[in-house]
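target_0.cif follows (mmCIF, C-alpha atoms):
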```
data_coords
loop_
_atom_site.group_PDB
_atom_site.id
_atom_site.type_symbol
_atom_site.label_atom_id
_atom_site.label_comp_id
_atom_site.auth_asym_id
_atom_site.auth_seq_id
_atom_site.Cartn_x
_atom_site.Cartn_y
_atom_site.Cartn_z
ATOM 1 C CA MET W 2 8.525 -31.040 -24.015
ATOM 2 C CA SER W 3 8.272 -31.777 -20.314
ATOM 3 C CA GLY W 4 6.396 -29.996 -17.591
ATOM 4 C CA LEU W 5 2.781 -28.994 -17.220
ATOM 5 C CA ASN W 6 0.841 -28.711 -20.454
ATOM 6 C CA LEU W 7 -1.626 -25.854 -19.977
ATOM 7 C CA PHE W 8 -3.909 -26.791 -22.867
ATOM 8 C CA ARG W 9 -3.968 -30.583 -22.900
ATOM 9 C CA GLY W 10 -4.674 -32.850 -19.986
ATOM 10 C CA ARG W 11 -4.792 -36.615 -19.879
ATOM 11 C CA ARG W 12 -6.148 -38.775 -22.666
ATOM 12 C CA ARG W 13 -7.675 -42.178 -21.980
ATOM 13 C CA GLU W 14 -9.743 -44.908 -23.624
ATOM 14 C CA VAL W 15 -12.963 -46.217 -22.089
ATOM 15 C CA ALA W 16 -15.701 -48.610 -23.206
ATOM 16 C CA CYS W 17 -19.164 -47.131 -23.782
ATOM 17 C CA THR W 18 -22.704 -47.916 -24.861
ATOM 18 C CA VAL W 19 -24.300 -45.919 -27.687
ATOM 19 C CA ASP W 20 -28.105 -45.782 -27.681
ATOM 20 C CA VAL W 21 -29.714 -44.408 -30.873
ATOM 21 C CA SER W 22 -33.444 -44.040 -31.507
ATOM 22 C CA CYS W 23 -35.358 -42.727 -34.519
ATOM 23 C CA THR W 24 -39.042 -43.279 -33.765
ATOM 24 C CA GLY W 25 -42.166 -41.152 -33.784
ATOM 25 C CA ALA W 26 -41.842 -40.749 -30.019
ATOM 26 C CA SER W 27 -38.104 -40.129 -29.748
ATOM 27 C CA LEU W 28 -35.152 -38.956 -31.815
ATOM 28 C CA HIS W 29 -31.951 -39.224 -29.779
ATOM 29 C CA ALA W 30 -28.400 -40.521 -29.544
ATOM 30 C CA HIS W 31 -26.954 -41.044 -26.066
ATOM 31 C CA VAL W 32 -23.515 -42.256 -24.994
ATOM 32 C CA GLU W 33 -23.001 -43.877 -21.587
ATOM 33 C CA LEU W 34 -19.385 -44.297 -20.496
ATOM 34 C CA ASP W 35 -18.574 -47.417 -18.477
ATOM 35 C CA ASP W 36 -16.525 -45.609 -15.845
ATOM 36 C CA ALA W 37 -17.734 -42.900 -13.458
ATOM 37 C CA THR W 38 -15.961 -40.057 -15.238
ATOM 38 C CA ARG W 39 -16.488 -36.527 -13.955
ATOM 39 C CA PHE W 40 -16.165 -33.950 -16.691
ATOM 40 C CA ALA W 41 -14.710 -30.470 -16.407
ATOM 41 C CA PRO W 42 -15.216 -27.502 -18.756
ATOM 42 C CA GLY W 43 -13.353 -28.062 -22.027
ATOM 43 C CA ASP W 44 -13.217 -31.863 -21.828
ATOM 44 C CA ARG W 45 -14.111 -33.743 -25.029
ATOM 45 C CA VAL W 46 -15.252 -37.272 -25.849
ATOM 46 C CA ARG W 47 -14.787 -39.007 -29.221
ATOM 47 C CA VAL W 48 -16.674 -42.262 -29.886
ATOM 48 C CA HIS W 49 -14.850 -44.607 -32.285
ATOM 49 C CA GLY W 50 -16.314 -46.799 -35.002
ATOM 50 C CA PRO W 51 -18.183 -46.473 -38.270
ATOM 51 C CA PRO W 52 -21.062 -43.991 -38.564
ATOM 52 C CA ILE W 53 -24.375 -45.235 -37.181
ATOM 53 C CA THR W 54 -27.399 -45.141 -39.454
ATOM 54 C CA VAL W 55 -30.852 -45.850 -38.046
ATOM 55 C CA ALA W 56 -33.975 -45.923 -40.227
ATOM 56 C CA PHE W 57 -37.232 -44.385 -39.015
ATOM 57 C CA GLY W 58 -38.946 -46.622 -36.479
ATOM 58 C CA GLU W 59 -35.722 -48.310 -35.356
ATOM 59 C CA GLU W 60 -33.733 -48.248 -32.137
ATOM 60 C CA LEU W 61 -30.167 -49.473 -31.818
ATOM 61 C CA ARG W 62 -27.854 -50.129 -28.883
ATOM 62 C CA LEU W 63 -24.133 -50.675 -29.609
ATOM 63 C CA ARG W 64 -20.918 -51.195 -27.671
ATOM 64 C CA ARG W 65 -18.071 -48.898 -28.727
ATOM 65 C CA THR W 66 -14.793 -47.471 -27.458
ATOM 66 C CA ALA W 67 -14.460 -43.785 -26.646
ATOM 67 C CA THR W 68 -11.466 -41.528 -26.038
ATOM 68 C CA ILE W 69 -11.759 -38.905 -23.310
ATOM 69 C CA PHE W 70 -9.585 -35.821 -23.850
ATOM 70 C CA GLU W 71 -9.293 -33.903 -20.587
ATOM 71 C CA ALA W 72 -8.700 -30.172 -20.872
ATOM 72 C CA GLY W 73 -5.672 -28.582 -19.270
ATOM 73 C CA PRO W 74 -5.983 -25.614 -16.883
ATOM 74 C CA ALA W 75 -5.757 -22.955 -19.618
ATOM 75 C CA ARG W 76 -8.439 -24.612 -21.791
ATOM 76 C CA GLN W 77 -10.728 -25.001 -18.761
ATOM 77 C CA ALA W 78 -10.369 -21.300 -17.924
ATOM 78 C CA TRP W 79 -10.962 -20.314 -21.573
ATOM 79 C CA THR W 80 -14.094 -22.488 -21.751
ATOM 80 C CA ARG W 81 -15.486 -20.961 -18.549
ATOM 81 C CA LEU W 82 -14.853 -17.449 -19.902
ATOM 82 C CA LEU W 83 -16.582 -18.196 -23.224
ATOM 83 C CA ALA W 84 -19.539 -19.756 -21.396
ATOM 84 C CA HIS W 85 -20.278 -16.408 -19.715
ATOM 85 C CA PHE W 86 -20.495 -14.673 -23.106
ATOM 86 C CA GLU W 87 -22.720 -17.415 -24.548
ATOM 87 C CA LEU W 88 -25.024 -17.113 -21.547
ATOM 88 C CA ALA W 89 -25.172 -13.348 -22.102
ATOM 89 C CA ASP W 90 -26.387 -14.022 -25.678
ATOM 90 C CA LEU W 91 -29.462 -15.641 -24.191
ATOM 91 C CA TYR W 92 -30.298 -12.413 -22.349
ATOM 92 C CA GLU W 93 -30.721 -10.624 -25.694
ATOM 93 C CA VAL W 94 -33.792 -12.690 -26.571
ATOM 94 C CA SER W 95 -36.923 -10.558 -26.460
ATOM 95 C CA PHE W 96 -40.368 -11.865 -25.583
ATOM 96 C CA THR W 97 -42.256 -8.674 -26.424
ATOM 97 C CA SER W 98 -45.133 -8.838 -28.849
ATOM 98 C CA GLY W 99 -44.357 -5.412 -30.308
ATOM 99 C CA ARG W 100 -41.616 -4.366 -32.667
ATOM 100 C CA LEU W 101 -38.421 -2.871 -31.297
ATOM 101 C CA SER W 102 -37.479 0.462 -32.817
#
```
Let me see the structure of the file written as structure tokens.
Amino acid sequence: MSGLNLFRGRRREVACTVDVSCTGASLHAHVELDDATRFAPGDRVRVHGPPITVAFGEELRLRRTATIFEAGPARQAWTRLLAHFELADLYEVSFTSGRLS
């Protein structure tokens, strides 16, 4: 099918660094892409390779390949719309000390 795809944009491979830490001070997993990619709403990144397991007290830094899936115009608009509703969910949090009736 030719023409503009409204849901899928470009797809490209990029090298990345995966930094994983499981210590008493930090529990995190960060991915740094090698290129200066700017992300738009709805874009996705998939890091390739076997699952990473880090025992407590260890830190690990690996080189991997990632695929960037750019969202098409329709997916970007849908993601922006859903983000407004998710933000509205945060407004429903109550910080009162009493019980609501």
On this file, the PyMOL selection byres ((chain W and resi 16) around 10) gives some set of residues; write that set as a PyMOL selection string. chain W and resi 14-15+17-18+33-36+48-49+64-68
Ground truth for the PyMOL selection byres ((chain W and resi 42) around 6), written as a short mmCIF file (atom, residue, chain, number, x, y, z; two decimals) with C-alpha atoms, keeping the file's coordinate frame:
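Contents of part_15.cif, freshly written:
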```
data_model
loop_
_atom_site.label_atom_id
_atom_site.label_comp_id
_atom_site.auth_asym_id
_atom_site.auth_seq_id
_atom_site.Cartn_x
_atom_site.Cartn_y
_atom_site.Cartn_z
CA ALA W 41 -14.71 -30.47 -16.41
CA GLY W 43 -13.35 -28.06 -22.03
CA ASP W 44 -13.22 -31.86 -21.83
CA GLN W 77 -10.73 -25.00 -18.76
CA THR W 80 -14.09 -22.49 -21.75
#
```
For this file, the PyMOL selection byres ((chain W and resi 69) around 7) selects which residues, as a PyMOL selection string? chain W and resi 12-14+45-47+67-68+70-71
Mind writing the picked residues with C-alpha atoms as a PDB file, in the coordinates of the input?
```
ATOM      1  CA  ARG W  12      -6.148 -38.775 -22.666  1.00  0.00           C
ATOM      2  CA  ARG W  13      -7.675 -42.178 -21.980  1.00  0.00           C
ATOM      3  CA  GLU W  14      -9.743 -44.908 -23.624  1.00  0.00           C
ATOM      4  CA  ARG W  45     -14.111 -33.743 -25.029  1.00  0.00           C
ATOM      5  CA  VAL W  46     -15.252 -37.272 -25.849  1.00  0.00           C
ATOM      6  CA  ARG W  47     -14.787 -39.007 -29.221  1.00  0.00           C
ATOM      7  CA  ALA W  67     -14.460 -43.785 -26.646  1.00  0.00           C
ATOM      8  CA  THR W  68     -11.466 -41.528 -26.038  1.00  0.00           C
ATOM      9  CA  PHE W  70      -9.585 -35.821 -23.850  1.00  0.00           C
ATOM     10  CA  GLU W  71      -9.293 -33.903 -20.587  1.00  0.00           C
TER      11      GLU W  71
END
```
| field | Interatomic distance, atom CA of W:Thr54 to atom CA of W:Asp20 (Å, one decimal) | value |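 Taking atom CA of W:Thr54 as the start and atom CA of W:Asp20 as the end point, the length is 11.8 Å.
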Mind filling out stretch 50-85 of chain W with N, CA and C atoms and sending it as an mmCIF file, in the frame of the given file?
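Just written: part18.cif:
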```cif
data_model
loop_
_atom_site.group_PDB
_atom_site.id
_atom_site.type_symbol
_atom_site.label_atom_id
_atom_site.label_comp_id
_atom_site.auth_asym_id
_atom_site.auth_seq_id
_atom_site.Cartn_x
_atom_site.Cartn_y
_atom_site.Cartn_z
ATOM 1 N N GLY W 50 -15.558 -45.805 -34.243
ATOM 2 C CA GLY W 50 -16.314 -46.799 -35.002
ATOM 3 C C GLY W 50 -16.947 -46.167 -36.220
ATOM 4 N N PRO W 51 -17.544 -47.001 -37.054
ATOM 5 C CA PRO W 51 -18.183 -46.473 -38.270
ATOM 6 C C PRO W 51 -19.427 -45.663 -37.919
ATOM 7 N N PRO W 52 -19.849 -44.774 -38.815
ATOM 8 C CA PRO W 52 -21.062 -43.991 -38.564
ATOM 9 C C PRO W 52 -22.272 -44.905 -38.339
ATOM 10 N N ILE W 53 -23.182 -44.463 -37.496
ATOM 11 C CA ILE W 53 -24.375 -45.235 -37.181
ATOM 12 C C ILE W 53 -25.553 -44.674 -37.964
ATOM 13 N N THR W 54 -26.224 -45.541 -38.692
ATOM 14 C CA THR W 54 -27.399 -45.141 -39.454
ATOM 15 C C THR W 54 -28.595 -45.936 -38.932
ATOM 16 N N VAL W 55 -29.644 -45.213 -38.568
ATOM 17 C CA VAL W 55 -30.852 -45.850 -38.046
ATOM 18 C C VAL W 55 -32.036 -45.354 -38.865
ATOM 19 N N ALA W 56 -32.794 -46.291 -39.438
ATOM 20 C CA ALA W 56 -33.975 -45.923 -40.227
ATOM 21 C C ALA W 56 -35.109 -45.527 -39.284
ATOM 22 N N PHE W 57 -36.096 -44.808 -39.832
ATOM 23 C CA PHE W 57 -37.232 -44.385 -39.015
ATOM 24 C C PHE W 57 -37.942 -45.616 -38.448
ATOM 25 N N GLY W 58 -38.268 -45.534 -37.171
ATOM 26 C CA GLY W 58 -38.946 -46.622 -36.479
ATOM 27 C C GLY W 58 -38.004 -47.598 -35.806
ATOM 28 N N GLU W 59 -36.697 -47.393 -35.940
ATOM 29 C CA GLU W 59 -35.722 -48.310 -35.356
ATOM 30 C C GLU W 59 -35.033 -47.711 -34.137
ATOM 31 N N GLU W 60 -34.575 -48.603 -33.280
ATOM 32 C CA GLU W 60 -33.733 -48.248 -32.137
ATOM 33 C C GLU W 60 -32.538 -49.188 -32.159
ATOM 34 N N LEU W 61 -31.392 -48.688 -31.750
ATOM 35 C CA LEU W 61 -30.167 -49.473 -31.818
ATOM 36 C C LEU W 61 -29.322 -49.199 -30.587
ATOM 37 N N ARG W 62 -28.736 -50.252 -30.041
ATOM 38 C CA ARG W 62 -27.854 -50.129 -28.883
ATOM 39 C C ARG W 62 -26.556 -50.863 -29.217
ATOM 40 N N LEU W 63 -25.431 -50.130 -29.212
ATOM 41 C CA LEU W 63 -24.133 -50.675 -29.609
ATOM 42 C C LEU W 63 -23.093 -50.484 -28.527
ATOM 43 N N ARG W 64 -22.091 -51.358 -28.537
ATOM 44 C CA ARG W 64 -20.918 -51.195 -27.671
ATOM 45 C C ARG W 64 -19.799 -50.610 -28.523
ATOM 46 N N ARG W 65 -19.164 -49.567 -28.017
ATOM 47 C CA ARG W 65 -18.071 -48.898 -28.727
ATOM 48 C C ARG W 65 -16.965 -48.538 -27.731
ATOM 49 N N THR W 66 -15.885 -48.016 -28.259
ATOM 50 C CA THR W 66 -14.793 -47.471 -27.458
ATOM 51 C C THR W 66 -14.782 -45.960 -27.649
ATOM 52 N N ALA W 67 -14.517 -45.241 -26.580
ATOM 53 C CA ALA W 67 -14.460 -43.785 -26.646
ATOM 54 C C ALA W 67 -13.133 -43.305 -26.077
ATOM 55 N N THR W 68 -12.653 -42.176 -26.578
ATOM 56 C CA THR W 68 -11.466 -41.528 -26.038
ATOM 57 C C THR W 68 -11.906 -40.264 -25.330
ATOM 58 N N ILE W 69 -11.473 -40.107 -24.093
ATOM 59 C CA ILE W 69 -11.759 -38.905 -23.310
ATOM 60 C C ILE W 69 -10.515 -38.029 -23.345
ATOM 61 N N PHE W 70 -10.674 -36.800 -23.811
ATOM 62 C CA PHE W 70 -9.585 -35.821 -23.850
ATOM 63 C C PHE W 70 -9.863 -34.805 -22.754
ATOM 64 N N GLU W 71 -9.103 -34.860 -21.683
ATOM 65 C CA GLU W 71 -9.293 -33.903 -20.587
ATOM 66 C C GLU W 71 -8.604 -32.590 -20.928
ATOM 67 N N ALA W 72 -9.263 -31.498 -20.612
ATOM 68 C CA ALA W 72 -8.700 -30.172 -20.872
ATOM 69 C C ALA W 72 -7.678 -29.819 -19.802
ATOM 70 N N GLY W 73 -6.644 -29.089 -20.217
ATOM 71 C CA GLY W 73 -5.672 -28.582 -19.270
ATOM 72 C C GLY W 73 -6.222 -27.331 -18.587
ATOM 73 N N PRO W 74 -5.503 -26.779 -17.638
ATOM 74 C CA PRO W 74 -5.983 -25.614 -16.883
ATOM 75 C C PRO W 74 -6.303 -24.400 -17.751
ATOM 76 N N ALA W 75 -5.506 -24.131 -18.766
ATOM 77 C CA ALA W 75 -5.757 -22.955 -19.618
ATOM 78 C C ALA W 75 -7.030 -23.151 -20.444
ATOM 79 N N ARG W 76 -7.234 -24.348 -21.002
ATOM 80 C CA ARG W 76 -8.439 -24.612 -21.791
ATOM 81 C C ARG W 76 -9.686 -24.577 -20.909
ATOM 82 N N GLN W 77 -9.593 -25.064 -19.689
ATOM 83 C CA GLN W 77 -10.728 -25.001 -18.761
ATOM 84 C C GLN W 77 -11.105 -23.549 -18.466
ATOM 85 N N ALA W 78 -10.105 -22.713 -18.200
ATOM 86 C CA ALA W 78 -10.369 -21.300 -17.924
ATOM 87 C C ALA W 78 -10.971 -20.605 -19.145
ATOM 88 N N TRP W 79 -10.442 -20.909 -20.335
ATOM 89 C CA TRP W 79 -10.962 -20.314 -21.573
ATOM 90 C C TRP W 79 -12.418 -20.731 -21.803
ATOM 91 N N THR W 80 -12.731 -21.989 -21.565
ATOM 92 C CA THR W 80 -14.094 -22.488 -21.751
ATOM 93 C C THR W 80 -15.053 -21.812 -20.780
ATOM 94 N N ARG W 81 -14.633 -21.649 -19.538
ATOM 95 C CA ARG W 81 -15.486 -20.961 -18.549
ATOM 96 C C ARG W 81 -15.749 -19.509 -18.964
ATOM 97 N N LEU W 82 -14.704 -18.832 -19.462
ATOM 98 C CA LEU W 82 -14.853 -17.449 -19.902
ATOM 99 C C LEU W 82 -15.831 -17.351 -21.078
ATOM 100 N N LEU W 83 -15.680 -18.213 -22.066
ATOM 101 C CA LEU W 83 -16.582 -18.196 -23.224
ATOM 102 C C LEU W 83 -18.015 -18.531 -22.824
ATOM 103 N N ALA W 84 -18.189 -19.380 -21.843
ATOM 104 C CA ALA W 84 -19.539 -19.756 -21.396
ATOM 105 C C ALA W 84 -20.295 -18.543 -20.870
ATOM 106 N N HIS W 85 -19.613 -17.616 -20.217
ATOM 107 C CA HIS W 85 -20.278 -16.408 -19.715
ATOM 108 C C HIS W 85 -20.811 -15.554 -20.863
#
```
